[in-house]
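Source file: data-v5.txt; contents: compact mmCIF, C-alpha atoms.
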```txt
# COMPACT_ATOMS: atom_id res chain seq x y z
CA MET A 1 -35.99 -3.98 -9.03
CA GLY A 2 -37.64 -7.37 -9.65
CA LYS A 3 -39.24 -8.68 -6.48
CA PHE A 4 -38.11 -5.83 -4.25
CA LEU A 5 -40.62 -5.19 -1.44
CA GLU A 6 -43.11 -7.62 -2.99
CA ASN A 7 -44.04 -8.94 0.44
CA ILE A 8 -45.04 -5.50 1.77
CA SER A 9 -48.50 -4.89 0.32
CA PHE A 10 -50.14 -1.54 -0.31
CA ASN A 11 -52.80 -0.88 2.27
CA PRO A 12 -53.86 2.47 3.80
CA LYS A 13 -53.77 0.83 7.22
CA ASP A 14 -50.12 -0.23 6.81
CA ILE A 15 -47.23 1.93 7.95
CA ALA A 16 -47.11 4.85 5.55
CA ASP A 17 -43.78 6.26 6.58
CA LEU A 18 -40.88 4.29 5.07
CA LYS A 19 -38.68 5.46 7.91
CA GLU A 20 -40.60 3.09 10.19
CA ILE A 21 -39.84 0.00 8.09
CA ILE A 22 -37.13 -1.73 10.08
CA PRO A 23 -35.39 -4.81 8.66
CA LEU A 24 -36.08 -7.90 10.72
CA SER A 25 -32.40 -8.69 11.11
CA ILE A 26 -29.53 -6.31 10.40
CA GLU A 27 -26.16 -7.67 11.39
CA GLN A 28 -23.70 -4.98 12.37
CA ASP A 29 -20.80 -4.32 10.03
CA GLU A 30 -17.30 -4.67 11.33
CA ASP A 31 -15.04 -1.74 10.53
CA TYR A 32 -12.93 -3.10 7.68
CA GLN A 33 -10.02 -0.80 8.37
CA ARG A 34 -9.56 -2.24 11.85
CA PHE A 35 -8.52 -5.52 10.22
CA THR A 36 -6.22 -4.35 7.43
CA ALA A 37 -3.94 -1.41 6.71
CA LEU A 38 -5.39 0.88 4.05
CA ARG A 39 -3.02 2.33 1.46
CA LYS A 40 -3.68 4.87 -1.27
CA VAL A 41 -1.77 3.54 -4.27
CA LYS A 42 -1.81 3.33 -8.03
CA HIS A 43 -1.85 0.14 -10.07
CA GLY A 44 1.75 -0.97 -10.52
CA ASP A 45 3.14 0.96 -7.55
CA PRO A 46 5.96 -0.93 -5.81
CA VAL A 47 5.69 -2.50 -2.37
CA ALA A 48 9.33 -2.48 -1.23
CA PHE A 49 10.62 -4.31 1.83
CA ILE A 50 14.02 -3.95 3.48
CA GLY A 51 14.86 -6.68 5.99
CA ASP A 52 17.77 -7.78 8.12
CA MET A 53 21.45 -7.71 7.19
CA GLU A 54 23.26 -11.02 6.86
CA ASP A 55 25.03 -12.31 9.96
CA VAL A 56 28.28 -10.53 10.84
CA GLY A 57 31.07 -11.30 13.31
CA ARG A 58 33.54 -14.07 12.58
CA LYS A 59 36.42 -15.69 14.45
CA GLY A 60 39.67 -13.82 14.00
CA GLY A 61 41.72 -10.76 14.90
CA GLY A 62 45.04 -9.03 14.25
CA CYS A 63 46.13 -7.27 11.07
CA ASP A 64 45.02 -7.70 7.47
CA PRO A 65 41.48 -9.01 8.05
CA VAL A 66 39.64 -10.54 5.09
CA TYR A 67 36.82 -8.21 4.12
CA LYS A 68 33.60 -9.73 2.88
CA GLU A 69 30.52 -8.28 1.33
CA VAL A 70 27.25 -8.61 3.20
CA GLY A 71 23.75 -8.37 1.91
CA ILE A 72 20.49 -7.04 3.29
CA ALA A 73 17.29 -8.98 2.71
CA ASN A 74 15.01 -7.10 0.37
CA SER A 75 12.12 -7.73 -1.94
CA GLN A 76 9.68 -5.85 -4.09
CA LYS A 77 6.13 -6.53 -5.14
CA ARG A 78 3.77 -4.40 -7.14
CA TRP A 79 0.21 -3.43 -6.43
CA GLU A 80 -2.39 -4.99 -8.68
CA LEU A 81 -5.65 -3.09 -8.49
CA GLY A 82 -8.80 -4.48 -10.05
CA ASP A 83 -11.81 -2.47 -11.18
CA TRP A 84 -15.27 -2.77 -9.66
CA GLN A 85 -18.50 -1.06 -10.61
CA ILE A 86 -22.07 -0.87 -9.37
CA PRO A 87 -24.57 0.03 -12.14
CA ILE A 88 -28.23 -0.02 -11.04
CA LYS A 89 -31.42 1.16 -12.69
CA ILE A 90 -34.88 1.45 -11.11
CA CYS A 91 -38.29 2.05 -12.67
CA TYR A 92 -40.98 3.47 -10.40
CA GLU A 93 -43.51 0.91 -11.69
CA SER A 94 -41.75 -1.79 -9.66
CA LEU A 95 -42.95 0.00 -6.52
CA LYS A 96 -46.63 -0.11 -7.38
CA GLY A 97 -48.63 -2.25 -5.00
CA THR A 98 -46.06 -1.92 -2.21
CA ILE A 99 -45.75 0.34 0.80
CA ALA A 100 -43.13 2.29 -1.14
CA GLU A 101 -45.87 3.63 -3.40
CA TYR A 102 -46.64 6.13 -0.65
CA SER A 103 -43.30 7.81 -1.30
CA LEU A 104 -43.82 8.39 -5.04
CA LYS A 105 -44.14 11.87 -6.42
CA THR A 106 -47.28 12.74 -8.36
CA GLY A 107 -48.15 13.84 -11.85
CA THR A 108 -45.39 14.17 -14.40
CA ASP A 109 -42.71 13.65 -11.75
CA VAL A 110 -44.07 10.29 -10.61
CA GLY A 111 -41.13 8.40 -12.14
CA ASP A 112 -38.47 10.51 -10.42
CA LEU A 113 -37.40 8.69 -7.25
CA THR A 114 -34.63 11.10 -6.32
CA ASP A 115 -35.26 13.05 -3.15
CA THR A 116 -37.96 10.62 -2.07
CA GLU A 117 -38.21 8.70 1.18
CA PHE A 118 -37.83 5.49 -0.83
CA MET A 119 -34.40 6.61 -2.06
CA THR A 120 -33.35 8.14 1.25
CA TYR A 121 -34.47 5.50 3.72
CA ILE A 122 -34.51 2.30 1.66
CA ILE A 123 -32.20 2.37 -1.35
CA ARG A 124 -29.31 4.43 -0.01
CA PRO A 125 -28.80 2.60 3.32
CA ALA A 126 -29.25 -0.81 1.67
CA LEU A 127 -26.78 0.01 -1.09
CA GLU A 128 -24.23 1.54 1.25
CA ARG A 129 -24.39 -1.58 3.39
CA GLN A 130 -23.87 -3.80 0.35
CA MET A 131 -20.90 -1.68 -0.68
CA ARG A 132 -19.31 -2.27 2.73
CA GLU A 133 -19.96 -6.00 2.30
CA MET A 134 -18.40 -5.76 -1.17
CA ILE A 135 -15.16 -4.40 0.27
CA TRP A 136 -14.97 -7.30 2.73
CA ARG A 137 -15.73 -9.75 -0.09
CA PHE A 138 -13.00 -8.39 -2.36
CA GLY A 139 -10.48 -7.72 0.40
CA TRP A 140 -10.58 -11.13 2.07
CA PHE A 141 -12.36 -13.55 -0.28
CA GLY A 142 -11.43 -12.11 -3.68
CA ASP A 143 -9.97 -14.47 -6.28
CA THR A 144 -9.25 -13.47 -9.87
CA GLU A 145 -9.68 -17.16 -10.80
CA ALA A 146 -12.82 -17.79 -8.73
CA LYS A 147 -14.99 -20.72 -9.85
CA ASN A 148 -18.09 -22.43 -8.58
CA ILE A 149 -17.75 -25.81 -6.89
CA ALA A 150 -18.95 -27.60 -10.02
CA GLY A 151 -16.10 -25.97 -11.95
CA GLY A 152 -13.44 -27.01 -9.48
CA GLY A 153 -13.57 -23.92 -7.25
CA THR A 154 -15.02 -23.20 -3.83
CA LEU A 155 -17.92 -20.87 -4.64
CA THR A 156 -21.42 -21.96 -3.71
CA ALA A 157 -23.51 -23.20 -6.64
CA GLY A 158 -25.34 -20.29 -8.25
CA VAL A 159 -23.03 -17.58 -6.89
CA ASP A 160 -21.72 -15.35 -9.66
CA PRO A 161 -17.88 -15.59 -9.80
CA GLU A 162 -17.71 -11.99 -11.00
CA LEU A 163 -18.57 -10.98 -7.44
CA PHE A 164 -15.03 -12.13 -6.54
CA THR A 165 -12.78 -11.74 -9.59
CA THR A 166 -11.91 -8.04 -9.17
CA CYS A 167 -8.75 -8.88 -7.20
CA ASP A 168 -7.00 -11.54 -5.16
CA GLY A 169 -8.02 -11.23 -1.53
CA LEU A 170 -5.96 -11.78 1.59
CA PHE A 171 -7.19 -15.33 2.17
CA LYS A 172 -6.02 -16.38 -1.28
CA ARG A 173 -2.60 -14.87 -0.57
CA ILE A 174 -2.46 -16.57 2.84
CA PHE A 175 -3.41 -19.96 1.38
CA LYS A 176 -0.82 -19.58 -1.39
CA GLN A 177 1.94 -18.74 1.10
CA GLY A 178 0.82 -21.65 3.27
CA THR A 179 1.41 -23.96 0.33
CA THR A 180 4.87 -22.44 -0.15
CA ASN A 181 5.82 -22.62 3.53
CA ALA A 182 3.83 -25.15 5.56
CA LYS A 183 5.59 -24.03 8.76
CA GLN A 184 3.40 -20.93 8.75
CA ILE A 185 0.23 -23.00 8.97
CA THR A 186 -1.50 -24.80 11.82
CA ALA A 187 -3.85 -27.41 10.40
CA ILE A 188 -7.44 -27.56 11.63
CA ALA A 189 -8.70 -31.11 11.20
CA ALA A 190 -12.33 -30.07 11.70
CA ASN A 191 -12.23 -28.22 8.37
CA THR A 192 -11.63 -31.49 6.52
CA LYS A 193 -14.80 -33.19 7.77
CA THR A 194 -17.49 -33.95 5.21
CA SER A 195 -20.61 -32.47 6.81
CA TYR A 196 -21.69 -29.44 8.82
CA ALA A 197 -22.41 -31.62 11.85
CA GLU A 198 -19.04 -33.40 11.68
CA GLN A 199 -17.18 -30.11 11.28
CA LYS A 200 -18.93 -28.64 14.31
CA ALA A 201 -18.53 -31.77 16.43
CA ALA A 202 -14.81 -31.93 15.63
CA ILE A 203 -14.08 -28.32 16.57
CA LEU A 204 -16.07 -28.62 19.81
CA THR A 205 -14.19 -31.69 21.00
CA LYS A 206 -12.50 -30.96 24.31
CA GLY A 207 -8.97 -29.69 23.89
CA VAL A 208 -9.20 -29.06 20.13
CA ALA A 209 -9.76 -25.29 19.97
CA THR A 210 -7.28 -24.48 22.73
CA GLY A 211 -4.80 -26.85 21.09
CA ILE A 212 -5.10 -25.00 17.79
CA ILE A 213 -4.37 -21.63 19.34
CA ASP A 214 -1.60 -23.01 21.55
CA ASN A 215 0.07 -24.52 18.50
CA MET A 216 -0.30 -21.27 16.56
CA LEU A 217 1.42 -19.30 19.30
CA MET A 218 4.12 -21.93 19.74
CA ASP A 219 4.88 -22.33 16.02
CA ALA A 220 4.58 -18.69 14.96
CA ASP A 221 7.74 -16.80 14.09
CA SER A 222 9.13 -15.23 17.27
CA ARG A 223 9.05 -11.83 15.58
CA ILE A 224 5.25 -12.11 15.47
CA THR A 225 4.82 -13.30 19.04
CA SER A 226 7.11 -10.53 20.32
CA ASP A 227 5.20 -7.86 18.36
CA GLY A 228 2.91 -6.10 20.81
CA GLY A 229 0.68 -5.02 17.91
CA ALA A 230 0.06 -8.55 16.60
CA VAL A 231 -3.47 -9.92 16.97
CA ILE A 232 -5.23 -13.17 16.14
CA LEU A 233 -8.19 -12.62 13.83
CA MET A 234 -10.54 -15.60 13.80
CA THR A 235 -13.93 -16.70 12.58
CA LYS A 236 -16.76 -16.54 15.07
CA GLY A 237 -17.08 -20.34 14.86
CA LEU A 238 -13.51 -20.82 16.02
CA ALA A 239 -13.75 -18.06 18.63
CA ASP A 240 -16.91 -19.56 20.11
CA ALA A 241 -15.32 -23.01 20.16
CA LEU A 242 -12.27 -21.57 21.93
CA THR A 243 -14.48 -19.91 24.53
CA MET A 244 -16.34 -23.15 25.14
CA ASP A 245 -13.16 -25.21 25.25
CA ILE A 246 -11.56 -22.93 27.84
CA LYS A 247 -14.65 -23.42 29.98
CA LYS A 248 -14.49 -27.22 29.52
CA THR A 249 -10.75 -27.64 29.82
CA TYR A 250 -9.84 -25.05 32.42
CA SER A 251 -13.20 -24.43 34.11
CA THR A 252 -12.82 -20.71 33.56
CA ILE A 253 -14.66 -18.06 31.58
CA MET A 254 -13.04 -16.25 28.66
CA PRO A 255 -14.42 -12.69 28.83
CA TRP A 256 -15.13 -10.87 25.58
CA GLU A 257 -15.22 -7.09 25.30
CA THR A 258 -17.37 -5.37 22.68
CA VAL A 259 -15.22 -2.63 21.16
CA PHE A 260 -18.05 -1.52 18.89
CA ASP A 261 -21.08 -3.21 17.37
CA GLY A 262 -19.85 -6.23 15.45
CA LEU A 263 -16.36 -6.44 16.95
CA ASP A 264 -15.54 -8.43 20.07
CA ILE A 265 -12.04 -8.89 21.44
CA ALA A 266 -10.55 -11.04 24.18
CA LYS A 267 -7.15 -12.05 25.52
CA TYR A 268 -5.60 -15.51 25.30
CA ASP A 269 -2.23 -16.03 26.93
CA GLY A 270 -1.67 -12.28 26.69
CA VAL A 271 -2.47 -12.09 22.96
CA THR A 272 -5.44 -10.10 21.66
CA ILE A 273 -8.04 -12.12 19.77
CA ALA A 274 -10.66 -10.52 17.51
CA ARG A 275 -13.86 -12.34 16.59
CA VAL A 276 -14.57 -11.53 12.93
CA SER A 277 -18.11 -12.74 12.43
CA ILE A 278 -18.45 -11.34 8.91
CA TRP A 279 -16.03 -14.07 7.77
CA ASP A 280 -18.51 -16.70 8.97
CA ARG A 281 -21.40 -15.05 7.15
CA MET A 282 -19.45 -14.92 3.90
CA ILE A 283 -18.23 -18.51 4.19
CA ARG A 284 -21.81 -19.68 4.75
CA ALA A 285 -23.09 -17.63 1.83
CA TYR A 286 -20.29 -18.06 -0.69
CA GLU A 287 -18.26 -21.19 0.17
CA ASN A 288 -20.98 -23.69 0.99
CA SER A 289 -21.25 -27.02 -0.84
CA GLY A 290 -24.67 -27.73 0.57
CA THR A 291 -23.26 -30.38 2.89
CA LYS A 292 -20.16 -28.69 4.34
CA LEU A 293 -18.40 -25.35 4.50
CA ASN A 294 -15.01 -24.49 3.05
CA LYS A 295 -12.60 -23.92 5.93
CA PRO A 296 -15.22 -22.57 8.35
CA TYR A 297 -12.62 -22.35 11.12
CA ARG A 298 -9.85 -19.89 10.30
CA ALA A 299 -7.40 -17.71 12.21
CA VAL A 300 -4.67 -15.27 11.16
CA PHE A 301 -1.97 -14.13 13.58
CA ALA A 302 -0.19 -10.97 12.42
CA ASN A 303 0.28 -7.28 12.91
CA ILE A 304 -2.51 -5.59 10.97
CA ASN A 305 0.09 -3.50 9.10
CA GLN A 306 1.19 -6.70 7.35
CA LEU A 307 -2.31 -7.17 5.88
CA GLN A 308 -2.76 -4.39 3.37
CA THR A 309 -5.58 -3.17 1.17
CA GLY A 310 -4.89 -0.66 -1.58
CA THR A 311 -7.17 1.70 -3.46
CA ASP A 312 -6.47 4.64 -5.74
CA ALA A 313 -9.13 6.78 -4.05
CA ASP A 314 -9.19 8.56 -0.71
CA GLY A 315 -11.36 5.85 0.82
CA LEU A 316 -12.57 2.31 0.28
CA ILE A 317 -16.07 3.25 -0.80
CA SER A 318 -16.67 5.63 -3.68
CA SER A 319 -19.46 8.17 -3.71
CA LEU A 320 -22.76 7.35 -5.38
CA ASP A 321 -23.87 9.03 -8.59
CA VAL A 322 -27.67 9.12 -8.54
CA TRP A 323 -29.83 10.65 -11.28
CA PHE A 324 -33.17 10.52 -13.08
CA ASP A 325 -33.25 10.19 -16.87
CA ARG A 326 -36.16 12.26 -18.15
CA LYS A 327 -36.23 10.54 -21.54
CA GLU A 328 -36.24 6.93 -20.31
CA ARG A 329 -38.12 7.80 -17.09
CA ARG A 330 -35.73 5.61 -15.12
CA ASN A 331 -33.57 6.23 -12.08
CA TYR A 332 -29.89 5.34 -12.23
CA ILE A 333 -27.26 4.74 -9.55
CA TYR A 334 -23.62 4.27 -10.36
CA SER A 335 -20.39 3.86 -8.41
CA ALA A 336 -16.94 2.58 -9.38
CA GLY A 337 -13.48 2.14 -7.92
CA ARG A 338 -10.33 0.02 -7.78
CA ILE A 339 -9.03 -2.28 -5.07
CA GLY A 340 -6.20 -4.73 -4.40
CA THR A 341 -4.45 -6.47 -1.51
CA GLN A 342 -0.93 -7.30 -0.40
CA ILE A 343 0.82 -9.09 2.44
CA LEU A 344 3.80 -6.88 3.20
CA GLU A 345 6.17 -9.63 4.40
CA ASP A 346 5.10 -13.11 3.38
CA ASP A 347 6.73 -14.77 6.40
CA MET A 348 5.28 -12.39 9.01
CA PHE A 349 1.98 -14.13 9.66
CA HIS A 350 0.88 -17.48 10.99
CA ALA A 351 -2.49 -18.90 10.00
CA ALA A 352 -4.70 -21.78 11.05
CA TYR A 353 -7.22 -23.37 8.70
```
Exercise: express the given structure as structure tokens:
Amino acid sequence: MGKFLENISFNPKDIADLKEIIPLSIEQDEDYQRFTALRKVKHGDPVAFIGDMEDVGRKGGGCDPVYKEVGIANSQKRWELGDWQIPIKICYESLKGTIAEYSLKTGTDVGDLTDTEFMTYIIRPALERQMREMIWRFGWFGDTEAKNIAGGGTLTAGVDPELFTTCDGLFKRIFKQGTTNAKQITAIAANTKTSYAEQKAAILTKGVATGIIDNMLMDADSRITSDGGAVILMTKGLADALTMDIKKTYSTIMPWETVFDGLDIAKYDGVTIARVSIWDRMIRAYENSGTKLNKPYRAVFANINQLQTGTDADGLISSLDVWFDRKERRNYIYSAGRIGTQILEDDMFHAAY
């Protein structure tokens, strides 16, 4: 456990009940499945797509027409699922001298932390929260070739690349398609600035944020704009800049509706916008050079069904295996699973970054 709870000292006058220890700041988790389509698949399963038939109807008439073959657009990808695991061990001695010592059993069973308040009210909720964060990290920021900035990648110095290399996330797939087809991308100049302050100042310049979204809607494939289920997912930084810019430019307020804790939506020119603040938190934590952020302002315009996450289990998060080893006198927690992502039709999204 290392330094876990080291700042909460053991004192009979302190709060004895671990249930009353409330974290100073717990940011609400967005519901991952509201932002991607979840699929239960096996590694190697096909992702087949059938599109439109080639144009038909040519000049002519009368007898003996010339028959021609026509094709139907189609493609096939395959799911690539990567393995993840969470192996944790805890020794009760790491709790000595902390408030958690109150929850320890006594006598021979002192080392067994199962069925204690420490496990119930501290470890389990904290771990379950980190597992939800893990799914977001893999699903959107995963990169099988992830490297730290010093190695030519985008990961913050000191961040372990293995936190990302389980699978390629949706952002990597979006960026790759953007390189292939630049027409699907609206450039955000603020992202190219060389400091936090310059990035923020650039995005808050009057007319910039509204211009970005206007250009997205104008340049997006008409099939996306005509899809009533299409939404624009965007970082909180960009959403806040858009809200401020609408106030500056049009002297009107952009109302946001809280759908549930952690998810706010609004309408812009009839299109639903979702403020995905967990993207901002992960960019700050994992793609931070120390002087600037990597693409802090991002938006993706698509029907959620185009943005897919696959797993071979019934849900994104696997159950926890928790046990006490009587020989080693240690507590163990283990969980494992597989995850991967796909964009169903590569040309059916428009992104800004």
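Note that the spacing between CA of Ala313 in chain A and CA of Phe141 in chain A amounts to 20.9 Å.
Once Arg124 in chain A and its same-chain neighbours fewer than 4 positions away are set aside, A:Ile88, A:Leu113, A:Thr114, A:Asp115, A:Thr116, A:Glu117, A:Phe118, A:Met119, A:Thr120, A:Glu128, A:Arg129, A:Gln130, A:Met131, A:Ser319, A:Leu320, A:Asp321, A:Val322, A:Ile333, A:Tyr334 remain within 12 Å of it when counting all atoms listed in the file.
Across the model, the gap from CA of Thr205 in chain A to CA of Ala285 in chain A is 25.4 Å.
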Find the distance between CA of Leu316 in chain A and CA of Phe175 in chain A and write it in Å to one decimal.
24.1 Å
All residues 12 Å or closer to Tyr286 in chain A, only C-alpha atoms, same chain fewer than 2 positions away omitted, as JSON, numbers by chain
{"A": [137, 141, 142, 146, 147, 148, 149, 153, 154, 155, 156, 157, 158, 159, 160, 161, 163, 164, 278, 279, 280, 281, 282, 283, 284, 288, 289, 290, 292, 293, 294, 295, 296]}
Ser195 in chain A: which residues within 6 Å, counting all atoms listed in the file, same-chain residues fewer than 2 positions away excluded, as JSON, numbers by chain?
{"A": [193, 197, 198, 291, 292]}
Test item: residues at most 8 Å from range 275-277 of chain A, all atoms listed in the file, excluding those fewer than 4 positions along its chain, as a PyMOL selection string
chain A and resi 30+233-236+239+262-265+281
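The residue set within 10 Å of Thr186 in chain A, counting all atoms listed in the file and dropping same-chain residues fewer than 4 places from it, reads Gly178, Ala182, Ile212, Ile213, Asp214, Asn215, Met216, Leu217, Asp219, Ala220, Arg298, Ala299, His350, Ala351, Ala352 and Tyr353 of chain A.
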Residues within 6 Å of (-15.3, -28.2, 10.6), file coordinates, counting only C-alpha atoms: what are they? Give the list as a list in words.
Ala190, Asn191, Lys193, Gln199 and Lys200 of chain A
Write the residues of the selection above to a file with C-alpha atoms, as a PDB file, keeping the file's coordinate frame.
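Written file, part_30.pdb:
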```
ATOM      1  CA  ALA A 190     -12.330 -30.070  11.700  1.00  0.00           C
ATOM      2  CA  ASN A 191     -12.230 -28.220   8.370  1.00  0.00           C
ATOM      3  CA  LYS A 193     -14.800 -33.190   7.770  1.00  0.00           C
ATOM      4  CA  GLN A 199     -17.180 -30.110  11.280  1.00  0.00           C
ATOM      5  CA  LYS A 200     -18.930 -28.640  14.310  1.00  0.00           C
TER       6      LYS A 200
END
```
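If only C-alpha atoms are the atoms counted, then among A:Ala202, A:Ile135, A:Val271, A:Val56 the closest residue to Tyr32 in chain A is A:Ile135.
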For a quick check of understanding, using only C-alpha atoms, which of A:Lys267, A:Lys89, A:Lys77, A:Lys183 has the smallest distance to Glu345 in chain A?
A:Lys77
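Taking all atoms listed in the file into account, Asp143 in chain A lies nearest to A:Thr341 out of the set A:Thr341, A:Thr210, A:Thr243, A:Ser94.
When only C-alpha atoms are used to measure the gap to Ile304 in chain A, the shortest distance among A:Ile99, A:Ile343, A:Ala150, A:Ala336 belongs to A:Ile343.
Each of A:Thr166, A:Thr144, A:Asn303, A:Gln85 was checked against Arg223 in chain A using only C-alpha atoms; the smallest atom-to-atom distance is that of A:Asn303.
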Any chance you could model all heavy atoms for range 112-120 of chain A and send them as a short mmCIF file (atom, residue, chain, number, x, y, z; two decimals), in the frame of the given file?
```cif
data_model
loop_
_atom_site.label_atom_id
_atom_site.label_comp_id
_atom_site.auth_asym_id
_atom_site.auth_seq_id
_atom_site.Cartn_x
_atom_site.Cartn_y
_atom_site.Cartn_z
N ASP A 112 -39.71 10.02 -11.01
CA ASP A 112 -38.47 10.51 -10.42
C ASP A 112 -38.40 10.12 -8.95
O ASP A 112 -39.13 10.67 -8.12
CB ASP A 112 -38.41 12.03 -10.58
CG ASP A 112 -37.09 12.61 -10.09
OD1 ASP A 112 -36.24 11.83 -9.60
OD2 ASP A 112 -36.91 13.84 -10.20
N LEU A 113 -37.52 9.18 -8.62
CA LEU A 113 -37.40 8.69 -7.25
C LEU A 113 -36.36 9.43 -6.43
O LEU A 113 -36.22 9.18 -5.23
CB LEU A 113 -37.06 7.19 -7.24
CG LEU A 113 -38.07 6.26 -7.90
CD1 LEU A 113 -37.58 4.83 -7.85
CD2 LEU A 113 -39.43 6.39 -7.24
N THR A 114 -35.62 10.34 -7.08
CA THR A 114 -34.63 11.10 -6.32
C THR A 114 -35.34 12.02 -5.34
O THR A 114 -36.43 12.51 -5.59
CB THR A 114 -33.75 11.94 -7.27
OG1 THR A 114 -34.58 12.85 -8.00
CG2 THR A 114 -33.00 11.05 -8.25
N ASP A 115 -34.69 12.21 -4.22
CA ASP A 115 -35.26 13.05 -3.15
C ASP A 115 -36.59 12.53 -2.64
O ASP A 115 -37.47 13.30 -2.25
CB ASP A 115 -35.43 14.51 -3.64
CG ASP A 115 -34.10 15.13 -4.02
OD1 ASP A 115 -33.10 14.87 -3.32
OD2 ASP A 115 -34.05 15.85 -5.03
N THR A 116 -36.77 11.23 -2.67
CA THR A 116 -37.96 10.62 -2.07
C THR A 116 -37.54 9.82 -0.85
O THR A 116 -36.37 9.47 -0.68
CB THR A 116 -38.67 9.67 -3.07
OG1 THR A 116 -37.78 8.59 -3.39
CG2 THR A 116 -39.08 10.39 -4.34
N GLU A 117 -38.52 9.51 0.00
CA GLU A 117 -38.21 8.70 1.18
C GLU A 117 -37.74 7.31 0.77
O GLU A 117 -36.92 6.70 1.45
CB GLU A 117 -39.45 8.60 2.08
CG GLU A 117 -39.78 9.90 2.80
CD GLU A 117 -40.89 9.72 3.82
OE1 GLU A 117 -41.70 8.77 3.64
OE2 GLU A 117 -40.94 10.49 4.78
N PHE A 118 -38.25 6.80 -0.35
CA PHE A 118 -37.83 5.49 -0.83
C PHE A 118 -36.33 5.49 -1.09
O PHE A 118 -35.60 4.58 -0.68
CB PHE A 118 -38.59 5.13 -2.11
CG PHE A 118 -38.08 3.88 -2.77
CD1 PHE A 118 -38.35 2.64 -2.23
CD2 PHE A 118 -37.33 3.95 -3.94
CE1 PHE A 118 -37.87 1.48 -2.83
CE2 PHE A 118 -36.86 2.81 -4.55
CZ PHE A 118 -37.14 1.57 -4.00
N MET A 119 -35.83 6.54 -1.76
CA MET A 119 -34.40 6.61 -2.06
C MET A 119 -33.59 6.87 -0.80
O MET A 119 -32.52 6.27 -0.59
CB MET A 119 -34.14 7.72 -3.09
CG MET A 119 -32.73 7.75 -3.63
SD MET A 119 -32.30 6.29 -4.59
CE MET A 119 -33.23 6.60 -6.09
N THR A 120 -34.10 7.73 0.07
CA THR A 120 -33.35 8.14 1.25
C THR A 120 -33.27 7.05 2.31
O THR A 120 -32.21 6.79 2.88
CB THR A 120 -33.97 9.40 1.86
OG1 THR A 120 -33.95 10.45 0.87
CG2 THR A 120 -33.19 9.85 3.09
#
```
